[in-house]
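The next block is entry-v1.cif, given as mmCIF, C-alpha atoms.
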data_coords
loop_
_atom_site.group_PDB
_atom_site.id
_atom_site.type_symbol
_atom_site.label_atom_id
_atom_site.label_comp_id
_atom_site.auth_asym_id
_atom_site.auth_seq_id
_atom_site.Cartn_x
_atom_site.Cartn_y
_atom_site.Cartn_z
ATOM 1 C CA MET A 214 148.712 -8.324 154.710
ATOM 2 C CA THR A 215 152.291 -9.421 154.276
ATOM 3 C CA VAL A 216 155.261 -7.179 153.773
ATOM 4 C CA THR A 217 158.964 -7.835 153.439
ATOM 5 C CA HIS A 218 161.338 -6.640 156.136
ATOM 6 C CA PHE A 219 162.739 -3.974 153.819
ATOM 7 C CA GLY A 220 159.228 -2.968 152.752
ATOM 8 C CA ALA A 221 158.343 -2.447 156.406
ATOM 9 C CA VAL A 222 161.452 -0.285 156.828
ATOM 10 C CA LEU A 223 160.491 1.869 153.843
ATOM 11 C CA LEU A 224 156.893 2.316 155.019
ATOM 12 C CA PHE A 225 157.957 3.138 158.554
ATOM 13 C CA ALA A 226 160.653 5.569 157.398
ATOM 14 C CA PHE A 227 158.341 7.292 154.916
ATOM 15 C CA PHE A 228 155.442 8.058 157.243
ATOM 16 C CA THR A 229 157.618 8.833 160.264
ATOM 17 C CA SER A 230 159.757 11.230 158.231
ATOM 18 C CA ILE A 231 156.675 13.161 157.091
ATOM 19 C CA VAL A 232 155.610 13.747 160.700
ATOM 20 C CA PHE A 233 159.142 14.628 161.814
ATOM 21 C CA GLY A 234 159.554 17.054 158.910
ATOM 22 C CA ILE A 235 156.309 18.894 159.651
ATOM 23 C CA THR A 236 156.728 19.057 163.408
ATOM 24 C CA GLN A 237 160.442 19.744 163.756
ATOM 25 C CA ARG A 238 160.878 22.545 161.200
ATOM 26 C CA SER A 239 159.003 25.788 160.535
ATOM 27 C CA GLU A 240 159.474 26.564 156.848
ATOM 28 C CA PRO A 241 158.088 24.268 154.113
ATOM 29 C CA LYS A 242 161.437 24.029 152.319
ATOM 30 C CA MET A 243 163.210 23.038 155.532
ATOM 31 C CA MET A 244 160.438 20.547 156.338
ATOM 32 C CA ILE A 245 161.059 18.718 153.062
ATOM 33 C CA ARG A 246 164.816 18.752 153.579
ATOM 34 C CA PHE A 247 164.562 17.501 157.157
ATOM 35 C CA GLY A 248 161.997 14.854 156.158
ATOM 36 C CA ALA A 249 164.283 13.595 153.399
ATOM 37 C CA PHE A 250 167.205 13.589 155.830
ATOM 38 C CA CYS A 251 165.223 11.535 158.373
ATOM 39 C CA PHE A 252 164.098 9.104 155.664
ATOM 40 C CA ALA A 253 167.673 8.555 154.479
ATOM 41 C CA LEU A 254 168.880 8.184 158.071
ATOM 42 C CA PHE A 255 166.183 5.592 158.866
ATOM 43 C CA VAL A 256 166.798 3.521 155.728
ATOM 44 C CA PHE A 257 170.596 3.650 155.582
ATOM 45 C CA GLY A 258 170.853 3.343 159.365
ATOM 46 C CA THR A 259 168.805 0.153 159.222
ATOM 47 C CA ILE A 260 170.918 -1.235 156.379
ATOM 48 C CA ALA A 261 174.120 -0.402 158.287
ATOM 49 C CA ALA A 262 172.761 -1.988 161.483
ATOM 50 C CA SER A 263 171.732 -5.090 159.510
ATOM 51 C CA TRP A 264 175.224 -5.508 158.076
ATOM 52 C CA GLY A 265 176.601 -4.907 161.574
ATOM 53 C CA MET A 266 174.517 -7.760 162.964
ATOM 54 C CA TRP A 267 175.568 -9.960 160.048
ATOM 55 C CA ALA A 268 179.241 -9.169 160.801
ATOM 56 C CA ILE A 269 178.794 -10.020 164.489
ATOM 57 C CA LYS A 270 177.230 -13.355 163.628
ATOM 58 C CA HIS A 271 179.963 -14.286 161.155
ATOM 59 C CA MET B 278 156.307 38.856 157.328
ATOM 60 C CA SER B 279 158.410 39.095 160.481
ATOM 61 C CA LYS B 280 158.659 36.364 163.097
ATOM 62 C CA ALA B 281 156.623 38.413 165.558
ATOM 63 C CA ASP B 282 153.873 38.846 162.951
ATOM 64 C CA LYS B 283 153.750 35.097 162.319
ATOM 65 C CA ALA B 284 153.505 34.363 166.039
ATOM 66 C CA LEU B 285 150.737 36.937 166.372
ATOM 67 C CA LEU B 286 148.903 35.436 163.393
ATOM 68 C CA ASN B 287 148.946 31.989 164.995
ATOM 69 C CA GLN B 288 147.625 33.391 168.257
ATOM 70 C CA LYS B 289 144.908 35.229 166.332
ATOM 71 C CA SER B 290 143.541 31.945 164.983
ATOM 72 C CA GLY B 291 141.360 32.167 168.083
ATOM 73 C CA VAL B 292 142.003 28.599 169.143
ATOM 74 C CA SER B 293 143.144 27.925 172.669
ATOM 75 C CA PRO B 294 146.425 25.968 172.794
ATOM 76 C CA ALA B 295 144.758 23.407 175.071
ATOM 77 C CA VAL B 296 141.952 22.882 172.554
ATOM 78 C CA ALA B 297 144.479 22.466 169.725
ATOM 79 C CA LEU B 298 146.383 19.934 171.848
ATOM 80 C CA PHE B 299 143.282 17.938 172.741
ATOM 81 C CA ALA B 300 141.854 18.005 169.193
ATOM 82 C CA GLY B 301 145.244 16.996 167.785
ATOM 83 C CA TRP B 302 145.408 14.052 170.164
ATOM 84 C CA LEU B 303 141.821 12.949 169.556
ATOM 85 C CA VAL B 304 141.945 13.082 165.740
ATOM 86 C CA PRO B 305 145.349 13.105 163.991
ATOM 87 C CA GLY B 306 145.903 16.477 162.301
ATOM 88 C CA ALA B 307 142.792 18.120 163.814
ATOM 89 C CA GLY B 308 144.909 20.500 165.903
ATOM 90 C CA HIS B 309 146.634 21.809 162.788
ATOM 91 C CA LEU B 310 143.301 22.080 160.985
ATOM 92 C CA LEU B 311 141.925 24.252 163.793
ATOM 93 C CA ILE B 312 144.838 26.675 163.514
ATOM 94 C CA ARG B 313 144.392 26.876 159.725
ATOM 95 C CA LYS B 314 147.193 24.649 158.521
ATOM 96 C CA PRO B 315 145.124 22.322 156.298
ATOM 97 C CA ILE B 316 147.960 20.849 154.218
ATOM 98 C CA ARG B 317 149.964 19.934 157.301
ATOM 99 C CA ALA B 318 146.799 18.571 158.896
ATOM 100 C CA LEU B 319 146.105 16.346 155.873
ATOM 101 C CA LEU B 320 149.680 15.048 155.715
ATOM 102 C CA LEU B 321 149.704 14.288 159.434
ATOM 103 C CA PHE B 322 146.302 12.600 159.259
ATOM 104 C CA VAL B 323 147.290 10.419 156.304
ATOM 105 C CA SER B 324 150.663 9.491 157.807
ATOM 106 C CA ILE B 325 149.383 8.581 161.268
ATOM 107 C CA VAL B 326 146.258 6.774 160.064
ATOM 108 C CA ALA B 327 148.363 4.866 157.511
ATOM 109 C CA MET B 328 150.862 3.821 160.195
ATOM 110 C CA PHE B 329 148.064 2.684 162.484
ATOM 111 C CA SER B 330 146.219 0.857 159.672
ATOM 112 C CA ILE B 331 149.366 -0.929 158.499
ATOM 113 C CA GLY B 332 149.943 -2.035 162.083
ATOM 114 C CA ILE B 333 146.426 -3.445 162.287
ATOM 115 C CA ALA B 334 146.781 -5.097 158.848
ATOM 116 C CA LEU B 335 150.018 -6.759 159.974
ATOM 117 C CA GLU B 336 148.065 -8.282 162.885
ATOM 118 C CA GLY B 337 149.882 -6.162 165.446
ATOM 119 C CA LYS B 338 148.985 -6.242 169.114
ATOM 120 C CA VAL B 339 146.672 -3.571 170.524
ATOM 121 C CA TYR B 340 147.661 -3.086 174.160
ATOM 122 C CA THR B 341 145.088 -3.017 176.942
ATOM 123 C CA PRO B 342 145.406 -1.376 180.374
ATOM 124 C CA ASN B 343 145.980 -3.153 183.664
ATOM 125 C CA THR B 344 147.908 -6.208 182.511
ATOM 126 C CA GLY B 345 150.477 -5.570 185.252
ATOM 127 C CA ASP B 346 153.447 -5.945 182.880
ATOM 128 C CA LEU B 347 155.615 -2.788 182.720
ATOM 129 C CA LEU B 348 156.264 -3.160 178.984
ATOM 130 C CA ASP B 349 152.541 -3.610 178.378
ATOM 131 C CA ILE B 350 151.847 -0.399 180.314
ATOM 132 C CA LEU B 351 154.351 1.492 178.135
ATOM 133 C CA GLY B 352 152.827 -0.046 175.014
ATOM 134 C CA PHE B 353 149.380 0.975 176.202
ATOM 135 C CA ALA B 354 150.571 4.559 176.767
ATOM 136 C CA GLY B 355 151.945 4.612 173.220
ATOM 137 C CA ASP B 356 148.767 3.138 171.720
ATOM 138 C CA LEU B 357 146.605 5.586 173.652
ATOM 139 C CA GLY B 358 148.384 8.440 171.859
ATOM 140 C CA SER B 359 146.417 7.564 168.719
ATOM 141 C CA GLY B 360 143.265 8.985 170.300
ATOM 142 C CA VAL B 361 140.132 8.004 168.416
ATOM 143 C CA LEU B 362 142.018 5.386 166.380
ATOM 144 C CA TYR B 363 142.812 3.463 169.554
ATOM 145 C CA ILE B 364 139.220 3.778 170.756
ATOM 146 C CA LEU B 365 137.941 2.448 167.400
ATOM 147 C CA ALA B 366 140.431 -0.413 167.502
ATOM 148 C CA ARG B 367 139.179 -1.432 170.952
ATOM 149 C CA VAL B 368 135.482 -0.966 170.099
ATOM 150 C CA PHE B 369 135.683 -2.997 166.878
ATOM 151 C CA ASP B 370 138.157 -5.477 168.345
ATOM 152 C CA LEU B 371 140.806 -4.763 165.714
ATOM 153 C CA GLY B 372 144.333 -6.068 166.030
ATOM 154 C CA HIS B 373 145.356 -8.997 168.164
ATOM 155 C CA SER B 374 145.710 -9.446 171.891
ATOM 156 C CA SER B 375 149.034 -11.246 171.392
ATOM 157 C CA VAL B 376 151.692 -11.458 168.695
ATOM 158 C CA GLN B 377 151.041 -14.671 166.759
ATOM 159 C CA ILE B 378 153.256 -14.367 163.666
ATOM 160 C CA ALA B 379 156.764 -12.894 163.309
ATOM 161 C CA ILE B 380 155.691 -9.964 161.112
ATOM 162 C CA ALA B 381 153.021 -9.030 163.687
ATOM 163 C CA ASP B 382 155.794 -7.696 165.907
ATOM 164 C CA TYR B 383 156.391 -5.036 163.261
ATOM 165 C CA GLY B 384 152.660 -4.332 163.279
ATOM 166 C CA THR B 385 152.733 -3.811 167.035
ATOM 167 C CA LYS B 386 155.538 -1.270 166.651
ATOM 168 C CA PHE B 387 153.700 0.522 163.837
ATOM 169 C CA ILE B 388 150.659 0.946 166.112
ATOM 170 C CA VAL B 389 152.698 2.209 169.073
ATOM 171 C CA VAL B 390 154.746 4.603 166.921
ATOM 172 C CA ALA B 391 151.569 5.945 165.265
ATOM 173 C CA GLY B 392 150.381 6.912 168.759
ATOM 174 C CA LEU B 393 153.694 8.520 169.682
ATOM 175 C CA LEU B 394 153.810 10.475 166.411
ATOM 176 C CA ASN B 395 150.274 11.685 167.057
ATOM 177 C CA ILE B 396 151.378 13.029 170.445
ATOM 178 C CA VAL B 397 154.292 14.825 168.735
ATOM 179 C CA SER B 398 151.915 16.393 166.194
ATOM 180 C CA ALA B 399 149.431 17.406 168.908
ATOM 181 C CA VAL B 400 152.217 19.128 170.866
ATOM 182 C CA ASP B 401 153.272 20.868 167.627
ATOM 183 C CA ALA B 402 149.705 22.163 167.207
ATOM 184 C CA HIS B 403 149.824 23.420 170.807
ATOM 185 C CA SER B 404 153.116 25.221 170.146
ATOM 186 C CA LEU B 405 151.698 26.855 167.012
ATOM 187 C CA ALA B 406 148.515 27.955 168.796
ATOM 188 C CA SER B 407 150.429 29.412 171.729
ATOM 189 C CA GLY B 408 152.879 31.230 169.447
ATOM 190 C CA ARG B 409 155.901 29.334 170.766
ATOM 191 C CA LYS B 410 156.474 27.930 167.266
ATOM 192 C CA LEU B 411 156.321 30.687 164.693
ATOM 193 C CA SER B 412 154.940 28.887 161.648
#
Is it possible to give me this structure as structure tokens?
Amino acid sequence: MTVTHFGAVLLFAFFTSIVFGITQRSEPKMMIRFGAFCFALFVFGTIAASWGMWAIKH
Amino acid sequence: MSKADKALLNQKSGVSPAVALFAGWLVPGAGHLLIRKPIRALLLFVSIVAMFSIGIALEGKVYTPNTGDLLDILGFAGDLGSGVLYILARVFDLGHSSVQIAIADYGTKFIVVAGLLNIVSAVDAHSLASGRKLS
């Protein structure tokens, strides 16, 4: 199996966010909201960190 | 339904918190299934098994005990969190003993994180069974 770096980020963020949502909140609506928040934080955090590393190198 | 009622309902599932914890560790989502949360159990099972399987498919490293390296010991502790998935991986010799391609490093992390997430979900099942978490 091969996967792009960004594909790996999306897979990791998706499955991890599901577990975080279920375990860290009590109500179903809040689980979905927290899961979506974690997913966005993982993905955009990774993109921001990637640009940060690019900026350091250049 | 009040918070006290929900806590009482969880405790009335008749499952000991220790059993929920152990079952949740052994099989992802089993702790939640025992305390009658089947949808959560299914989502947890699919998520953790998918993470572990992707890690194996990416040729990630499956850590073994007693290598003497501190990082290997931590990796082993993380892998062990997957319960029966880790046992199956060792029995059927899945994964690799060392990282051989660049993407395999991602696979190694997927496997370790699957174990850590399984521990988080098992503790959640324990909290639900003991009434510490309301619902």
- One decimal, Å: what's the distance from CA of Gly301 (chain B) over to CA of Gly384 (chain B), could you say?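 Separating CA of Gly301 (chain B) from CA of Gly384 (chain B) is a distance of 23.0 Å.
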So that I can see what lies close to region 344-354 of chain B, please list as an mmCIF file with C-alpha atoms, in the frame of the given file the residues with an atom at most 10 Å from it, counting all atoms listed in the file and leaving out residues fewer than 6 positions away in the same chain.
data_model
loop_
_atom_site.group_PDB
_atom_site.id
_atom_site.type_symbol
_atom_site.label_atom_id
_atom_site.label_comp_id
_atom_site.auth_asym_id
_atom_site.auth_seq_id
_atom_site.Cartn_x
_atom_site.Cartn_y
_atom_site.Cartn_z
ATOM 1 C CA LYS B 338 148.985 -6.242 169.114
ATOM 2 C CA TYR B 363 142.812 3.463 169.554
ATOM 3 C CA THR B 385 152.733 -3.811 167.035
ATOM 4 C CA LYS B 386 155.538 -1.270 166.651
ATOM 5 C CA ILE B 388 150.659 0.946 166.112
ATOM 6 C CA VAL B 389 152.698 2.209 169.073
ATOM 7 C CA VAL B 390 154.746 4.603 166.921
ATOM 8 C CA GLY B 392 150.381 6.912 168.759
ATOM 9 C CA LEU B 393 153.694 8.520 169.682
#
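Note that CA of Phe233 (chain A) and CA of Leu394 (chain B) are 8.2 Å apart.
For chain A, the residues within 10 Å of chain B are A:Met214, A:Thr215, A:Val216, A:Thr217, A:His218, A:Ala221, A:Val222, A:Leu224, A:Phe225, A:Phe227, A:Phe228, A:Thr229, A:Ser230, A:Ile231, A:Val232, A:Phe233, A:Ile235, A:Thr236, A:Gln237, A:Arg238, A:Ser239, A:Glu240, A:Pro241, with only C-alpha atoms used to measure distance.
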Once you have the residues from the selection above, write them out as a PDB file, in the frame of the given file, restricted to C-alpha atoms.
ATOM      1  CA  MET A 214     148.712  -8.324 154.710  1.00  0.00           C
ATOM      2  CA  THR A 215     152.291  -9.421 154.276  1.00  0.00           C
ATOM      3  CA  VAL A 216     155.261  -7.179 153.773  1.00  0.00           C
ATOM      4  CA  THR A 217     158.964  -7.835 153.439  1.00  0.00           C
ATOM      5  CA  HIS A 218     161.338  -6.640 156.136  1.00  0.00           C
ATOM      6  CA  ALA A 221     158.343  -2.447 156.406  1.00  0.00           C
ATOM      7  CA  VAL A 222     161.452  -0.285 156.828  1.00  0.00           C
ATOM      8  CA  LEU A 224     156.893   2.316 155.019  1.00  0.00           C
ATOM      9  CA  PHE A 225     157.957   3.138 158.554  1.00  0.00           C
ATOM     10  CA  PHE A 227     158.341   7.292 154.916  1.00  0.00           C
ATOM     11  CA  PHE A 228     155.442   8.058 157.243  1.00  0.00           C
ATOM     12  CA  THR A 229     157.618   8.833 160.264  1.00  0.00           C
ATOM     13  CA  SER A 230     159.757  11.230 158.231  1.00  0.00           C
ATOM     14  CA  ILE A 231     156.675  13.161 157.091  1.00  0.00           C
ATOM     15  CA  VAL A 232     155.610  13.747 160.700  1.00  0.00           C
ATOM     16  CA  PHE A 233     159.142  14.628 161.814  1.00  0.00           C
ATOM     17  CA  ILE A 235     156.309  18.894 159.651  1.00  0.00           C
ATOM     18  CA  THR A 236     156.728  19.057 163.408  1.00  0.00           C
ATOM     19  CA  GLN A 237     160.442  19.744 163.756  1.00  0.00           C
ATOM     20  CA  ARG A 238     160.878  22.545 161.200  1.00  0.00           C
ATOM     21  CA  SER A 239     159.003  25.788 160.535  1.00  0.00           C
ATOM     22  CA  GLU A 240     159.474  26.564 156.848  1.00  0.00           C
ATOM     23  CA  PRO A 241     158.088  24.268 154.113  1.00  0.00           C
TER      24      PRO A 241
END
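By chain and then residue number, the residues within 10 Å of Ala300 (chain B) are B:Pro294, B:Ala295, B:Val296, B:Ala297, B:Leu298, B:Trp302, B:Leu303, B:Val304, B:Pro305, B:Gly306, B:Ala307, B:Gly308, B:His309, B:Leu310, B:Leu311, B:Gly360, B:Ala399, B:Ala402, B:His403, counting only C-alpha atoms and disregarding those fewer than 2 positions away in sequence.
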- Task: Please provide the set of residues having any atom within 12 Å of Ser263 (chain A), restricted to only C-alpha atoms, with same-chain residues fewer than 5 positions apart removed, written as a list in words.
- Result: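 Within the cut-off, the hits are His218, Phe219, Val222, Val256, Phe257, Gly258, Ala268, Ile269 and Lys270 of chain A.
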- Query: Distance CA of Ala406 (chain B)-CA of Val292 (chain B), one decimal place?
  - Reply: 6.6 Å
Please write C-alpha atoms of chain A, from the structure given just now, as a JSON list (two decimals), in the first residue's frame.
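Written output follows (part.json):
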[["chain", "number", "residue", "atom", "x", "y", "z"],
["A", 214, "MET", "CA", 0.00, 0.00, 0.00],
["A", 215, "THR", "CA", 1.23, 3.46, -0.83],
["A", 216, "VAL", "CA", -0.27, 6.70, 0.34],
["A", 217, "THR", "CA", 0.71, 10.32, -0.13],
["A", 218, "HIS", "CA", 1.86, 12.36, 2.85],
["A", 219, "PHE", "CA", -1.35, 14.38, 2.79],
["A", 220, "GLY", "CA", -3.42, 11.21, 2.41],
["A", 221, "ALA", "CA", -1.75, 9.83, 5.52],
["A", 222, "VAL", "CA", -2.60, 13.05, 7.38],
["A", 223, "LEU", "CA", -6.25, 12.80, 6.35],
["A", 224, "LEU", "CA", -6.54, 9.13, 7.35],
["A", 225, "PHE", "CA", -4.82, 9.72, 10.67],
["A", 226, "ALA", "CA", -6.91, 12.81, 11.44],
["A", 227, "PHE", "CA", -10.18, 11.11, 10.47],
["A", 228, "PHE", "CA", -9.88, 7.98, 12.60],
["A", 229, "THR", "CA", -8.24, 9.73, 15.55],
["A", 230, "SER", "CA", -10.94, 12.41, 15.59],
["A", 231, "ILE", "CA", -13.68, 9.77, 15.75],
["A", 232, "VAL", "CA", -12.13, 8.23, 18.86],
["A", 233, "PHE", "CA", -11.49, 11.62, 20.47],
["A", 234, "GLY", "CA", -15.05, 12.73, 19.76],
["A", 235, "ILE", "CA", -16.61, 9.63, 21.31],
["A", 236, "THR", "CA", -14.37, 9.48, 24.36],
["A", 237, "GLN", "CA", -14.01, 13.14, 25.26],
["A", 238, "ARG", "CA", -17.65, 14.27, 25.05],
["A", 239, "SER", "CA", -20.90, 12.89, 26.47],
["A", 240, "GLU", "CA", -23.66, 14.01, 24.11],
["A", 241, "PRO", "CA", -23.81, 12.82, 20.47],
["A", 242, "LYS", "CA", -24.11, 16.36, 19.11],
["A", 243, "MET", "CA", -21.07, 17.50, 21.08],
["A", 244, "MET", "CA", -19.16, 14.38, 20.00],
["A", 245, "ILE", "CA", -19.63, 15.30, 16.34],
["A", 246, "ARG", "CA", -18.66, 18.92, 16.97],
["A", 247, "PHE", "CA", -15.56, 17.97, 18.95],
["A", 248, "GLY", "CA", -14.59, 15.32, 16.37],
["A", 249, "ALA", "CA", -14.88, 17.86, 13.56],
["A", 250, "PHE", "CA", -12.87, 20.35, 15.61],
["A", 251, "CYS", "CA", -10.09, 17.79, 16.19],
["A", 252, "PHE", "CA", -10.07, 16.84, 12.50],
["A", 253, "ALA", "CA", -9.72, 20.48, 11.43],
["A", 254, "LEU", "CA", -7.03, 21.06, 14.05],
["A", 255, "PHE", "CA", -5.03, 18.01, 12.90],
["A", 256, "VAL", "CA", -5.23, 18.88, 9.20],
["A", 257, "PHE", "CA", -4.73, 22.65, 9.37],
["A", 258, "GLY", "CA", -2.14, 22.27, 12.13],
["A", 259, "THR", "CA", -0.14, 19.94, 9.91],
["A", 260, "ILE", "CA", -0.42, 22.31, 6.95],
["A", 261, "ALA", "CA", 0.68, 25.25, 9.12],
["A", 262, "ALA", "CA", 3.61, 23.24, 10.54],
["A", 263, "SER", "CA", 4.61, 22.20, 7.01],
["A", 264, "TRP", "CA", 4.70, 25.81, 5.82],
["A", 265, "GLY", "CA", 6.61, 26.68, 8.99],
["A", 266, "MET", "CA", 9.28, 24.11, 8.17],
["A", 267, "TRP", "CA", 9.40, 25.36, 4.58],
["A", 268, "ALA", "CA", 9.91, 28.93, 5.86],
["A", 269, "ILE", "CA", 12.73, 27.83, 8.17],
["A", 270, "LYS", "CA", 14.50, 26.07, 5.33],
["A", 271, "HIS", "CA", 14.21, 29.03, 2.97]]
